[in-house]
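S.K.: To start, I am sharing the structure in question, which I have written as structure tokens.
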Amino acid sequence: MNLSQLQAFRLAPIVHCYDAKDSMLYALGLGYGADPTDQKQVQFVYENGLKAVPSICVVLAHPGFWINDPKLEIDWVKVLHGEQAFTLHRPLTPEGAVRGEYEVLAVEDKGPKGAVMHVAKRLYDDATNELIADVTSVYMLRGDGGCGNFGTPPAPPAPLPEREPDMVVNIPTLPQAALIYRLSGDRNPIHADPAAARKAGFAQPILHGLCSMGIATRALVDAVADGDPDRLKTVSLRFSSPVYPGETLRIAIFREGGGYRFSARALERDIVVLDRGTATLHD
């Protein structure tokens, strides 16, 4: 990694025009509509009274795979998506034009273990310049240790409470979930091509990490926001293990302080796939 180039690197603002079809397609990729009689699901997949799933903010104005820019010299083959978070300052509309502005906030040098890069996206209404959401991503640069630090990284998320959860939500994922979700922007072949997935070390194509986050958002909207997506303010989590399409995710939710903590487990393999999650609601 060329740290000085990364510090100086600037992505041009990205304007993304999206419509109701895009919002419905994103929701279908999360499995909404599996019960077409459930109004809490139908509100995200039917144009009459359509609402946007809060986590769609992570895919709007997506910058593409910029970390493979040659001048950055990042060993991009060894990059893993470690954590993701968003804060919504107002509800997202199911269609509109948004502008994403990006910044690399910090790099933590972990030596032989690699490096940790923190990236921020600020999502604005392109017509009014109103800030809609802050979105942060953490990437594990496993091949770029020893290159130095910059910036001030945030504190790592705390472990979950060691007790039984207050709520549990089971959400089956569709066998074709990754094939649907990739149409919302992430066309990485490891989510669709069995040969590409095997080359990357997976038995079969895996589900997108951000799709798993969207499914956890589904559980939170239902369990703690009474089905009202406009109440959800923040979600953050750590990606612990890949999910295979068709697995059932069990989201365990803990009340803590004025908010919630959560994790998700793939039941078929009994493995935690999302950990150290935090969520809050608007007052």
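How things are named: the first chain in the structure tokens is A, the next is B, and so on; residues count from 1 in each chain; ligands count from 1 in the order shown.
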Would you mind listing what lies within 9 Å of Asp186 of chain A as a list of chain:residue names, with only C-alpha atoms counted and same-chain residues fewer than 3 positions away left out?

M.R.: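 In the requested format, the answer is A:Val59, A:His62, A:Gly64, A:Tyr181, A:Arg182, A:Leu183, A:Pro189, A:His191, A:His208.
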
S.K.: Would you save the residues from that selection as a compact mmCIF listing (two decimals), in the first residue's frame, using C-alpha atoms?

M.R.:
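Final output, saved to again-v4.txt:
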```
# COMPACT_ATOMS: atom_id res chain seq x y z
CA VAL A 59 -25.69 0.75 -1.82
CA HIS A 62 -21.74 3.16 -4.50
CA GLY A 64 -17.35 0.74 -7.25
CA TYR A 181 -29.17 -8.80 -4.59
CA ARG A 182 -26.25 -8.39 -7.03
CA LEU A 183 -28.62 -6.50 -9.35
CA PRO A 189 -18.59 -13.05 -9.49
CA HIS A 191 -21.74 -14.22 -5.53
CA HIS A 208 -23.07 -10.41 -0.03
```

S.K.: DSSP on the backbone, strand (DSSP E) only: what residues of segment 131-164 of chain A does that give? Format it as a ChimeraX atom specification.

M.R.: /A:131-141

S.K.: Can you tell me which residues surround Pro13 of chain A at a distance of at most 10 Å, considering only C-alpha atoms, apart from same-chain residues fewer than 5 positions away, and format the answer as an mmCIF file with N, CA and C atoms, in the first residue's frame?

M.R.:
```cif
data_model
loop_
_atom_site.group_PDB
_atom_site.id
_atom_site.type_symbol
_atom_site.label_atom_id
_atom_site.label_comp_id
_atom_site.auth_asym_id
_atom_site.auth_seq_id
_atom_site.Cartn_x
_atom_site.Cartn_y
_atom_site.Cartn_z
ATOM 1 N N ALA A 61 -25.286 5.416 -4.473
ATOM 2 C CA ALA A 61 -24.050 6.146 -4.815
ATOM 3 C C ALA A 61 -22.815 5.330 -4.476
ATOM 4 N N PRO A 63 -19.335 3.593 -4.869
ATOM 5 C CA PRO A 63 -18.203 4.074 -5.660
ATOM 6 C C PRO A 63 -17.545 3.026 -6.541
ATOM 7 N N ARG A 99 -26.434 12.170 -3.642
ATOM 8 C CA ARG A 99 -25.015 12.389 -3.957
ATOM 9 C C ARG A 99 -24.165 11.812 -2.842
ATOM 10 N N GLY A 100 -23.216 10.973 -3.210
ATOM 11 C CA GLY A 100 -22.314 10.383 -2.241
ATOM 12 C C GLY A 100 -20.957 11.054 -2.292
ATOM 13 N N GLU A 101 -20.454 11.476 -1.138
ATOM 14 C CA GLU A 101 -19.127 12.077 -1.028
ATOM 15 C C GLU A 101 -18.304 11.213 -0.075
ATOM 16 N N TYR A 102 -17.092 10.842 -0.519
ATOM 17 C CA TYR A 102 -16.294 9.833 0.167
ATOM 18 C C TYR A 102 -15.004 10.405 0.746
ATOM 19 N N LYS A 121 -18.812 7.606 3.868
ATOM 20 C CA LYS A 121 -19.639 8.160 2.798
ATOM 21 C C LYS A 121 -20.685 9.060 3.421
ATOM 22 N N ARG A 122 -20.796 10.269 2.930
ATOM 23 C CA ARG A 122 -21.882 11.155 3.324
ATOM 24 C C ARG A 122 -22.860 11.222 2.161
ATOM 25 N N LEU A 123 -24.118 10.899 2.453
ATOM 26 C CA LEU A 123 -25.138 10.795 1.416
ATOM 27 C C LEU A 123 -26.073 11.997 1.524
#
```

S.K.: Each residue of segment 221-240 of chain A lying at most 7 Å from segment 272-279 of chain A should get a row with its shortest atom-to-atom pair and the distance in Å to one decimal, counting only C-alpha atoms; could you produce that, ordered by chain and increasing number, as a tab-separated table?

M.R.:
```
residue	atom	partner	partner_atom	distance
A:Thr234	CA	A:Ala279	CA	5.2
A:Val235	CA	A:Ala279	CA	4.5
A:Ser236	CA	A:Thr278	CA	5.2
A:Leu237	CA	A:Gly277	CA	4.1
A:Arg238	CA	A:Asp275	CA	5.1
A:Phe239	CA	A:Leu274	CA	4.9
A:Ser240	CA	A:Val273	CA	4.7
```

S.K.: Go ahead and dump the residues you just picked, C-alpha atoms, as a compact mmCIF listing (two decimals), in the first residue's frame.

M.R.:
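Saved to part-v1.txt:
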```
# COMPACT_ATOMS: atom_id res chain seq x y z
CA THR A 234 -28.47 3.70 13.34
CA VAL A 235 -27.19 0.22 12.60
CA SER A 236 -23.61 -1.01 12.92
CA LEU A 237 -22.13 -4.49 12.88
CA ARG A 238 -19.08 -6.67 12.31
CA PHE A 239 -18.96 -9.33 9.59
CA SER A 240 -17.79 -12.58 11.21
```

S.K.: Find the residues around segment 22-26 of chain A up to 9 Å (only C-alpha atoms counted), leave out those fewer than 4 positions away in its own chain, and share them as a list of chain:residue names.

M.R.: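 Using only C-alpha atoms, the neighbours found are A:Tyr18, A:Leu30, A:Tyr32, A:Phe44, A:Val45, A:Tyr46, A:Glu47, A:Leu50, A:Lys51, A:Ala52, A:Val53, A:Ile56, A:Pro94, A:Glu95, A:Ile180, A:Tyr181, A:Leu183, A:Ser184.
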
S.K.: Considering only C-alpha atoms, return as a ChimeraX atom specification whatever protein or nucleic-acid residues lie within 10 Å of segment 84-89 of chain A, sequence-local ones (same chain, fewer than 3 positions apart) excluded.

M.R.: /A:54-55,57-58,81,92,118-123,130-139,209-210,213,230-239,277-282

S.K.: Output C-alpha atoms of each residue in that selection to a file, as a compact mmCIF listing (two decimals), in the first residue's frame.

M.R.:
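Writing the result to part29.txt gives the following:
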```
# COMPACT_ATOMS: atom_id res chain seq x y z
CA PRO A 54 -33.30 1.89 5.64
CA SER A 55 -30.19 -0.13 4.76
CA CYS A 57 -28.32 3.78 2.00
CA VAL A 58 -25.27 1.48 1.91
CA HIS A 81 -15.05 -6.24 4.42
CA LEU A 92 -34.93 7.72 2.72
CA HIS A 118 -11.86 3.25 7.69
CA VAL A 119 -13.91 4.90 4.92
CA ALA A 120 -16.84 7.33 5.23
CA LYS A 121 -19.64 8.16 2.80
CA ARG A 122 -21.88 11.16 3.32
CA LEU A 123 -25.14 10.79 1.42
CA GLU A 130 -29.70 18.01 2.88
CA LEU A 131 -27.58 15.36 4.61
CA ILE A 132 -29.51 12.09 4.54
CA ALA A 133 -27.08 9.54 5.96
CA ASP A 134 -23.57 8.90 7.20
CA VAL A 135 -22.24 5.51 6.12
CA THR A 136 -18.94 4.04 7.33
CA SER A 137 -17.08 0.95 6.16
CA VAL A 138 -14.11 -0.87 7.66
CA TYR A 139 -11.86 -2.95 5.41
CA GLY A 209 -22.11 -9.16 3.42
CA LEU A 210 -24.26 -6.07 2.86
CA MET A 213 -26.74 -6.58 6.94
CA ASP A 230 -38.73 5.53 9.51
CA ARG A 231 -38.02 4.90 13.21
CA LEU A 232 -34.63 3.26 12.63
CA LYS A 233 -31.73 5.67 13.17
CA THR A 234 -28.47 3.70 13.34
CA VAL A 235 -27.19 0.22 12.60
CA SER A 236 -23.61 -1.01 12.92
CA LEU A 237 -22.13 -4.49 12.88
CA ARG A 238 -19.08 -6.67 12.31
CA PHE A 239 -18.96 -9.33 9.59
CA GLY A 277 -24.24 -5.22 16.27
CA THR A 278 -25.74 -1.99 17.61
CA ALA A 279 -28.99 -0.26 16.67
CA THR A 280 -30.87 2.81 17.85
CA LEU A 281 -34.22 4.40 17.05
CA HIS A 282 -35.13 8.03 16.44
```

S.K.: What does the structure give for the distance between atom CA of Pro172 of chain A and atom CA of Glu83 of chain A, in Å to one decimal?

M.R.: 22.5 Å

S.K.: Between A:Gly151, A:Leu72, A:Ala177, A:Leu267, which residue has the minimum interatomic distance to Gln5 of chain A, considering only C-alpha atoms?

M.R.: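 Smallest distance to Gln5 of chain A is found for A:Leu72.
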
S.K.: Between A:Ala223, A:Pro245, A:Gly82, A:Met167, single out the one closest to Ala203 of chain A, counting only C-alpha atoms.

M.R.: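 The answer is A:Pro245, which sits nearest to Ala203 of chain A.
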
S.K.: One decimal, Å: what's the distance from atom CA of Ala195 of chain A over to atom CA of Val77 of chain A, could you say?

M.R.: 16.3 Å

S.K.: Gly114 of chain A: which residues within 7 Å, counting only C-alpha atoms, same-chain residues fewer than 2 positions away excluded, as a ChimeraX atom specification?

M.R.: /A:109-112,141-145

S.K.: At what distance in Å, to one decimal, does atom CA of Gly96 of chain A lie from atom CA of Ala127 of chain A?

M.R.: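 Atom-to-atom, atom CA of Ala127 of chain A to atom CA of Gly96 of chain A, that is 9.1 Å.
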
S.K.: DSSP on the backbone, helix (DSSP H, G or I) only: what residues of segment 8-239 of chain A does that give? Format it as a ChimeraX atom specification.

M.R.: /A:8,20-29,39-42,54-58,66-68,70-72,76-78,111-113,177-184,189-191,194-199,209-224,229-231

S.K.: Using only C-alpha atoms, which of A:Leu11, A:Val224, A:Leu179, A:Val168 sits nearest Ile251 of chain A?

M.R.: A:Val168

S.K.: Could you list, as a list of chain:residue names, every residue within 10 Å of Ala34 of chain A, counting only C-alpha atoms and ignoring same-chain residues fewer than 6 positions away?

M.R.: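 Once the nearby chain positions are removed, what remains is A:Leu28, A:Gln41, A:Val42, A:Pro172, A:Thr173, A:Leu174.
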
S.K.: For Gly29 of chain A, which residue among A:Ala115, A:Leu160, A:Val79, A:Cys211 is the nearest when counting only C-alpha atoms?

M.R.: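 Among the listed residues, the smallest separation from Gly29 of chain A belongs to A:Cys211.
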